[in-house]
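Q: Have a look at this one.
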Amino acid sequence: MARKPEGELRRGWTTGACATAATRAAYTAMLTGEFPDPVTITLPRGEQPAFALNRQELGIDFARAGIIKDAGDDPDVTHLAEIIVTVRRGESGSGVLFRAGPGVGSVTKPGLPIPVGEASVNPVPRKMMTETILELAKNFGDAGDIEIEISVPGGEALAQKTWNPRLGILGGLSILGTTGIVVPFSCSAWIHSIHRGIDVARANGLTHVAGCTGSTSEKAVQQIHGLPDFAMLDMGDFAGGLLKYLRKHPVPLLTIGGGFAKLTKLAAGHLDLHSGRSQVDFDWLADQLAALDAPGSLVSATRSANTANQVLGFAQDTGIALADAMATGAQKTALELLGGATKVEVIVFDRSGNRVGQANAK
């Protein structure tokens, strides 16, 4: 995750808000021959932002508008991408239809809120754009049978930096947003993607999924179990977000993989493993070593240690199975939160991806 800058952060706009504004501009031009620029929309919570047009094209049978997305101070991969909407007339009685243009993905796996085969335009943006079409159609006496094609130049490459390929959304980005506003460094988007990953895994009949703290442990777990990409849930630091959703939407077996420090925090009961929101408690870790009958010198050294990995090295040198104990502790934390519907295996890795501790599934 990118480093959060100091000071008050500037909010931005979702791809869904940009697409809605572009839809309003393009359909208005189709009806009147003129593009509103800037174009104003109303977001779900009542805000009324105005968007400058980067592109406006009016043809015989189409109108097209483009808006440059401003994500504010959030490290969003779609920041400064152009969201382009082309509106065309549909068949009589067809209503509002959505099409994926270049750079926008299509859904290929069940489990998402959009049916397989549809453009990956999430429900709230669909609702916003549909309401925009219906409002303008009513105002200008039009039937409102409109096809909305959304495209994002370069979107297919940008999508490789998102969860879309793993979720079975192929060909590009998704058009997202629930409020229309991007809150800088919000955890909600990441946790939302974890939830969608669980939904896709369940809908496709997977019985074993994995949540890992980083790319090294994820690669190692995937190799150990031969799991498909869409079984790999991007847990990162959000163990709580993963476990709480699995409690309500269980899968038979969960493997948790991670580095020693992160899983030590999970063993101590922390559900947010980010270094800025939880820390390794070295006194607590020393107590765990004492319970393992570690030498007093090791227990004492742990209380004044600089890093968790330093303690792991001490324990390995003296033959103390500390990583196994932390795996067991992390497993206990997870099982207590899951409530029994999912079995849990925990694997601890060193920084090179070598397995150094494990708690077998139970």
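The way I read the labels, and the way they are meant: chains A, B, ... in the order of the structure tokens, residue 1 as the first residue of every chain, and ligand 1 as the first ligand shown, with later ones counted on from there.
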Go through region 194-223 of chain A and flag each residue having an atom no more than 8 Å from region 236-245 of chain A; for those, report the closest pair of atoms plus their distance in Å to one decimal, using only C-alpha atoms, ordered by chain and rising number, as a tab-separated table.

A:
residue	atom	partner	partner_atom	distance
A:Ile194	CA	A:Leu242	CA	6.4
A:His195	CA	A:Tyr245	CA	6.6
A:Gly211	CA	A:Gly236	CA	7.6
A:Cys212	CA	A:Gly236	CA	6.0
A:Thr213	CA	A:Gly236	CA	4.1
A:Gly214	CA	A:Gly236	CA	5.7

Q: Would you list the contacts of Thr162 (chain A) as a ChimeraX atom specification, taking every protein, DNA or RNA residue within 12 Å and counting only C-alpha atoms, but skipping same-chain residues closer than 2 positions in sequence?

A: /A:76-78,105,155-160,164-170,172-174,189-190,193-194,234

Q: Using only C-alpha atoms for the distances, tell me which of A:Thr132, A:Ser120, A:Gln222, A:Gln310 is nearest to Ile256 (chain A).

A: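 When distances to Ile256 (chain A) are compared using only C-alpha atoms, the smallest one comes from A:Gln222.
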
Q: What residues in region 62-248 of chain A get the DSSP label helix (DSSP H, G or I)? Please answer as a ChimeraX atom specification.

A: /A:123-140,155-159,164-167,188-203,215-225,229-231,239-248

Q: Taking into account only C-alpha atoms, which residue in the set A:Glu135, A:Asp229, A:Glu82, A:Glu118 is nearest to Arg99 (chain A)?

A: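 Smallest separation from Arg99 (chain A) among the options: A:Glu118.
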
Q: Name the residues in contact with Thr40 (chain A) at a cut-off of 8 Å, using only C-alpha atoms, excluding same-chain residues fewer than 3 positions from it; report them as a list in words.

A: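 My list of contacting residues is Ala21, Gln48, Pro49, Ala50 and Phe51 of chain A.
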
Q: Just C-alpha atoms for this one: save the residues we selected as a PDB file, in the first residue's frame.

A:
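out23.pdb, freshly written:
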ATOM      1  CA  ALA A  21     -21.160  12.560 -15.774  1.00  0.00           C
ATOM      2  CA  GLN A  48     -23.379  17.803  -6.854  1.00  0.00           C
ATOM      3  CA  PRO A  49     -19.875  17.865  -8.360  1.00  0.00           C
ATOM      4  CA  ALA A  50     -19.129  19.383 -11.768  1.00  0.00           C
ATOM      5  CA  PHE A  51     -16.843  17.634 -14.262  1.00  0.00           C
TER       6      PHE A  51
END

Q: As a list in words, please: the residues near Ala286 (chain A) (cut-off 8 Å, only C-alpha atoms, same-chain neighbours under 5 positions excluded).

A: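 So, after excluding close chain neighbours, the residues are Val299, Ser300, Thr302 and Arg303 of chain A.
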
Q: Residues of the last selection are to be written out with all heavy atoms, as a JSON list (two decimals), in the first residue's frame.

A:
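See part-v7.json below for the written result:
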[["chain", "number", "residue", "atom", "x", "y", "z"],
["A", 299, "VAL", "N", 14.47, -15.33, 26.62],
["A", 299, "VAL", "CA", 13.28, -14.58, 27.06],
["A", 299, "VAL", "C", 13.66, -13.13, 27.33],
["A", 299, "VAL", "O", 12.97, -12.19, 26.90],
["A", 299, "VAL", "CB", 12.66, -15.23, 28.31],
["A", 299, "VAL", "CG1", 11.53, -14.37, 28.86],
["A", 299, "VAL", "CG2", 12.17, -16.64, 28.00],
["A", 300, "SER", "N", 14.77, -12.92, 28.01],
["A", 300, "SER", "CA", 15.22, -11.56, 28.33],
["A", 300, "SER", "C", 15.59, -10.79, 27.06],
["A", 300, "SER", "O", 15.23, -9.61, 26.92],
["A", 300, "SER", "CB", 16.42, -11.63, 29.27],
["A", 300, "SER", "OG", 16.90, -10.34, 29.56],
["A", 302, "THR", "N", 14.42, -11.19, 24.14],
["A", 302, "THR", "CA", 13.21, -10.89, 23.38],
["A", 302, "THR", "C", 12.54, -9.61, 23.86],
["A", 302, "THR", "O", 12.04, -8.81, 23.06],
["A", 302, "THR", "CB", 12.22, -12.07, 23.47],
["A", 302, "THR", "OG1", 12.82, -13.22, 22.84],
["A", 302, "THR", "CG2", 10.90, -11.75, 22.79],
["A", 303, "ARG", "N", 12.57, -9.37, 25.14],
["A", 303, "ARG", "CA", 11.91, -8.17, 25.67],
["A", 303, "ARG", "C", 12.56, -6.88, 25.16],
["A", 303, "ARG", "O", 11.90, -5.84, 25.08],
["A", 303, "ARG", "CB", 11.93, -8.19, 27.20],
["A", 303, "ARG", "CG", 11.14, -9.36, 27.79],
["A", 303, "ARG", "CD", 10.93, -9.23, 29.28],
["A", 303, "ARG", "NE", 10.43, -10.47, 29.86],
["A", 303, "ARG", "CZ", 9.14, -10.86, 29.81],
["A", 303, "ARG", "NH1", 8.26, -10.07, 29.21],
["A", 303, "ARG", "NH2", 8.77, -12.00, 30.35]]

Q: With only C-alpha atoms as the basis for distance, which of A:Asp61, A:Ala290, A:Pro125, A:Pro110 is at the shortest distance from Arg202 (chain A)?

A: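 Ranking A:Asp61, A:Ala290, A:Pro125, A:Pro110 by distance to Arg202 (chain A), first place goes to A:Pro110.
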
Q: Looking at only C-alpha atoms, which of A:Leu285, A:Val104, A:Val85, A:Leu253 is the one that sits closest to Asn309 (chain A)?

A: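 With only C-alpha atoms as the atom set, the closest residue is A:Leu285.
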
Q: Rounded to one decimal, what separation in Å do you get between CA of Gly171 (chain A) and CA of Leu43 (chain A)?

A: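 Atom-to-atom, CA of Gly171 (chain A) to CA of Leu43 (chain A), that is 27.6 Å.
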
Q: For Leu227 (chain A), please output as a ChimeraX atom specification all residues within 9 Å (counting only C-alpha atoms; exclusion window: fewer than 4 positions along the same chain).

A: /A:208-210,221-223,231-232

Q: Using DSSP assignments from the backbone, pull out every residue in region 128-230 of chain A that falls under strand (DSSP E or B) and give it to me as a PDB file with N, CA, C and O atoms, in the first residue's frame.

A:
ATOM      1  N   ILE A 146     -31.511   3.473 -24.684  1.00  0.00           N
ATOM      2  CA  ILE A 146     -30.147   3.918 -24.945  1.00  0.00           C
ATOM      3  C   ILE A 146     -29.145   2.814 -24.583  1.00  0.00           C
ATOM      4  O   ILE A 146     -29.262   2.158 -23.540  1.00  0.00           O
ATOM      5  N   GLU A 147     -28.167   2.636 -25.448  1.00  0.00           N
ATOM      6  CA  GLU A 147     -27.030   1.758 -25.167  1.00  0.00           C
ATOM      7  C   GLU A 147     -25.865   2.615 -24.711  1.00  0.00           C
ATOM      8  O   GLU A 147     -25.492   3.577 -25.387  1.00  0.00           O
ATOM      9  N   ILE A 148     -25.318   2.277 -23.541  1.00  0.00           N
ATOM     10  CA  ILE A 148     -24.191   3.010 -22.972  1.00  0.00           C
ATOM     11  C   ILE A 148     -22.950   2.131 -23.087  1.00  0.00           C
ATOM     12  O   ILE A 148     -22.876   1.065 -22.468  1.00  0.00           O
ATOM     13  N   GLU A 149     -21.992   2.585 -23.883  1.00  0.00           N
ATOM     14  CA  GLU A 149     -20.714   1.875 -23.985  1.00  0.00           C
ATOM     15  C   GLU A 149     -19.659   2.671 -23.235  1.00  0.00           C
ATOM     16  O   GLU A 149     -19.485   3.861 -23.477  1.00  0.00           O
ATOM     17  N   ILE A 150     -18.970   2.006 -22.325  1.00  0.00           N
ATOM     18  CA  ILE A 150     -17.944   2.670 -21.523  1.00  0.00           C
ATOM     19  C   ILE A 150     -16.584   2.098 -21.905  1.00  0.00           C
ATOM     20  O   ILE A 150     -16.422   0.874 -22.001  1.00  0.00           O
ATOM     21  N   SER A 151     -15.624   2.973 -22.124  1.00  0.00           N
ATOM     22  CA  SER A 151     -14.275   2.529 -22.450  1.00  0.00           C
ATOM     23  C   SER A 151     -13.259   3.343 -21.661  1.00  0.00           C
ATOM     24  O   SER A 151     -13.546   4.465 -21.216  1.00  0.00           O
ATOM     25  N   ILE A 169     -12.805 -11.101 -14.105  1.00  0.00           N
ATOM     26  CA  ILE A 169     -13.232  -9.938 -14.891  1.00  0.00           C
ATOM     27  C   ILE A 169     -12.131  -9.691 -15.915  1.00  0.00           C
ATOM     28  O   ILE A 169     -11.034  -9.250 -15.562  1.00  0.00           O
ATOM     29  N   LEU A 170     -12.415  -9.996 -17.167  1.00  0.00           N
ATOM     30  CA  LEU A 170     -11.385 -10.006 -18.197  1.00  0.00           C
ATOM     31  C   LEU A 170     -11.594  -8.884 -19.207  1.00  0.00           C
ATOM     32  O   LEU A 170     -12.722  -8.518 -19.510  1.00  0.00           O
ATOM     33  N   GLY A 172     -10.312  -5.726 -19.006  1.00  0.00           N
ATOM     34  CA  GLY A 172     -10.116  -4.352 -18.558  1.00  0.00           C
ATOM     35  C   GLY A 172     -10.601  -4.098 -17.155  1.00  0.00           C
ATOM     36  O   GLY A 172     -10.785  -5.013 -16.341  1.00  0.00           O
ATOM     37  N   LEU A 173     -10.837  -2.827 -16.877  1.00  0.00           N
ATOM     38  CA  LEU A 173     -11.211  -2.356 -15.550  1.00  0.00           C
ATOM     39  C   LEU A 173     -12.695  -2.546 -15.271  1.00  0.00           C
ATOM     40  O   LEU A 173     -13.482  -2.796 -16.180  1.00  0.00           O
ATOM     41  N   ILE A 175     -16.093  -0.535 -13.601  1.00  0.00           N
ATOM     42  CA  ILE A 175     -16.619   0.793 -13.298  1.00  0.00           C
ATOM     43  C   ILE A 175     -17.273   0.683 -11.928  1.00  0.00           C
ATOM     44  O   ILE A 175     -18.295   0.007 -11.761  1.00  0.00           O
ATOM     45  N   ILE A 181     -17.603   9.003  -4.443  1.00  0.00           N
ATOM     46  CA  ILE A 181     -16.461   9.732  -3.897  1.00  0.00           C
ATOM     47  C   ILE A 181     -15.358   8.752  -3.516  1.00  0.00           C
ATOM     48  O   ILE A 181     -15.614   7.718  -2.895  1.00  0.00           O
ATOM     49  N   VAL A 182     -14.125   9.069  -3.882  1.00  0.00           N
ATOM     50  CA  VAL A 182     -12.962   8.309  -3.448  1.00  0.00           C
ATOM     51  C   VAL A 182     -12.419   8.952  -2.181  1.00  0.00           C
ATOM     52  O   VAL A 182     -12.019  10.124  -2.186  1.00  0.00           O
ATOM     53  N   HIS A 208     -11.425 -24.861  -0.934  1.00  0.00           N
ATOM     54  CA  HIS A 208     -10.186 -24.465  -0.263  1.00  0.00           C
ATOM     55  C   HIS A 208      -9.755 -23.116  -0.819  1.00  0.00           C
ATOM     56  O   HIS A 208      -9.567 -22.954  -2.027  1.00  0.00           O
ATOM     57  N   VAL A 209      -9.616 -22.122   0.057  1.00  0.00           N
ATOM     58  CA  VAL A 209      -9.135 -20.800  -0.328  1.00  0.00           C
ATOM     59  C   VAL A 209      -7.969 -20.430   0.574  1.00  0.00           C
ATOM     60  O   VAL A 209      -7.733 -21.068   1.605  1.00  0.00           O
ATOM     61  N   ALA A 210      -7.239 -19.398   0.183  1.00  0.00           N
ATOM     62  CA  ALA A 210      -6.091 -18.972   0.979  1.00  0.00           C
ATOM     63  C   ALA A 210      -6.068 -17.458   1.077  1.00  0.00           C
ATOM     64  O   ALA A 210      -6.361 -16.754   0.120  1.00  0.00           O
ATOM     65  N   GLY A 211      -5.693 -16.976   2.258  1.00  0.00           N
ATOM     66  CA  GLY A 211      -5.488 -15.548   2.475  1.00  0.00           C
ATOM     67  C   GLY A 211      -4.083 -15.343   3.003  1.00  0.00           C
ATOM     68  O   GLY A 211      -3.696 -15.968   4.002  1.00  0.00           O
ATOM     69  N   CYS A 212      -3.299 -14.515   2.350  1.00  0.00           N
ATOM     70  CA  CYS A 212      -1.897 -14.332   2.711  1.00  0.00           C
ATOM     71  C   CYS A 212      -1.595 -12.862   2.950  1.00  0.00           C
ATOM     72  O   CYS A 212      -2.278 -11.975   2.448  1.00  0.00           O
TER      73      CYS A 212
END

Q: Counting only C-alpha atoms, which residues of region 183-273 of chain A fall within 9 Å of region 312-326 of chain A, and what is the closest atom pair for each with its distance in Å at one decimal, ordered by chain and rising number, as JSON lines?

A:
{"residue": "A:Phe260", "atom": "CA", "partner": "A:Ala323", "partner_atom": "CA", "distance": 6.8}
{"residue": "A:Ala261", "atom": "CA", "partner": "A:Leu312", "partner_atom": "CA", "distance": 9.0}
{"residue": "A:Leu263", "atom": "CA", "partner": "A:Met326", "partner_atom": "CA", "distance": 6.6}
{"residue": "A:Thr264", "atom": "CA", "partner": "A:Met326", "partner_atom": "CA", "distance": 5.5}
{"residue": "A:Lys265", "atom": "CA", "partner": "A:Met326", "partner_atom": "CA", "distance": 8.8}
{"residue": "A:Leu266", "atom": "CA", "partner": "A:Met326", "partner_atom": "CA", "distance": 8.4}
{"residue": "A:Ala267", "atom": "CA", "partner": "A:Met326", "partner_atom": "CA", "distance": 5.7}
{"residue": "A:Ala268", "atom": "CA", "partner": "A:Met326", "partner_atom": "CA", "distance": 8.6}

Q: Looking at only C-alpha atoms, which of A:Pro102, A:Ala65, A:Arg89, A:Gly180 is the one that sits closest to Gly46 (chain A)?

A: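 The answer is A:Gly180, which sits nearest to Gly46 (chain A).
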
Q: Separation of CA of Cys187 (chain A) and CA of Val280 (chain A), in Å?

A: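 Between these atoms lies a distance of 21.2 Å.
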
Q: Nearest residue to Arg24 (chain A) out of A:Ala137, A:Ala220, A:Leu97, A:Leu246, using only C-alpha atoms?

A: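 Answer, going by the shortest atom-to-atom distance: A:Ala137.
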
Q: Figure out the distance between CA of Gly111 (chain A) and CA of Ala330 (chain A), please, to one decimal in Å.

A: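 Computed distance, CA of Ala330 (chain A) to CA of Gly111 (chain A), equals 28.6 Å.
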
Q: Write out as a list in words which residues come within 9 Å of Ala29 (chain A) when counting only C-alpha atoms, dropping same-chain ones fewer than 5 positions away.

A: Arg24, Glu34, Phe35, Pro36, Gln56, Glu57, Leu58, Ala63 and Arg64 of chain A
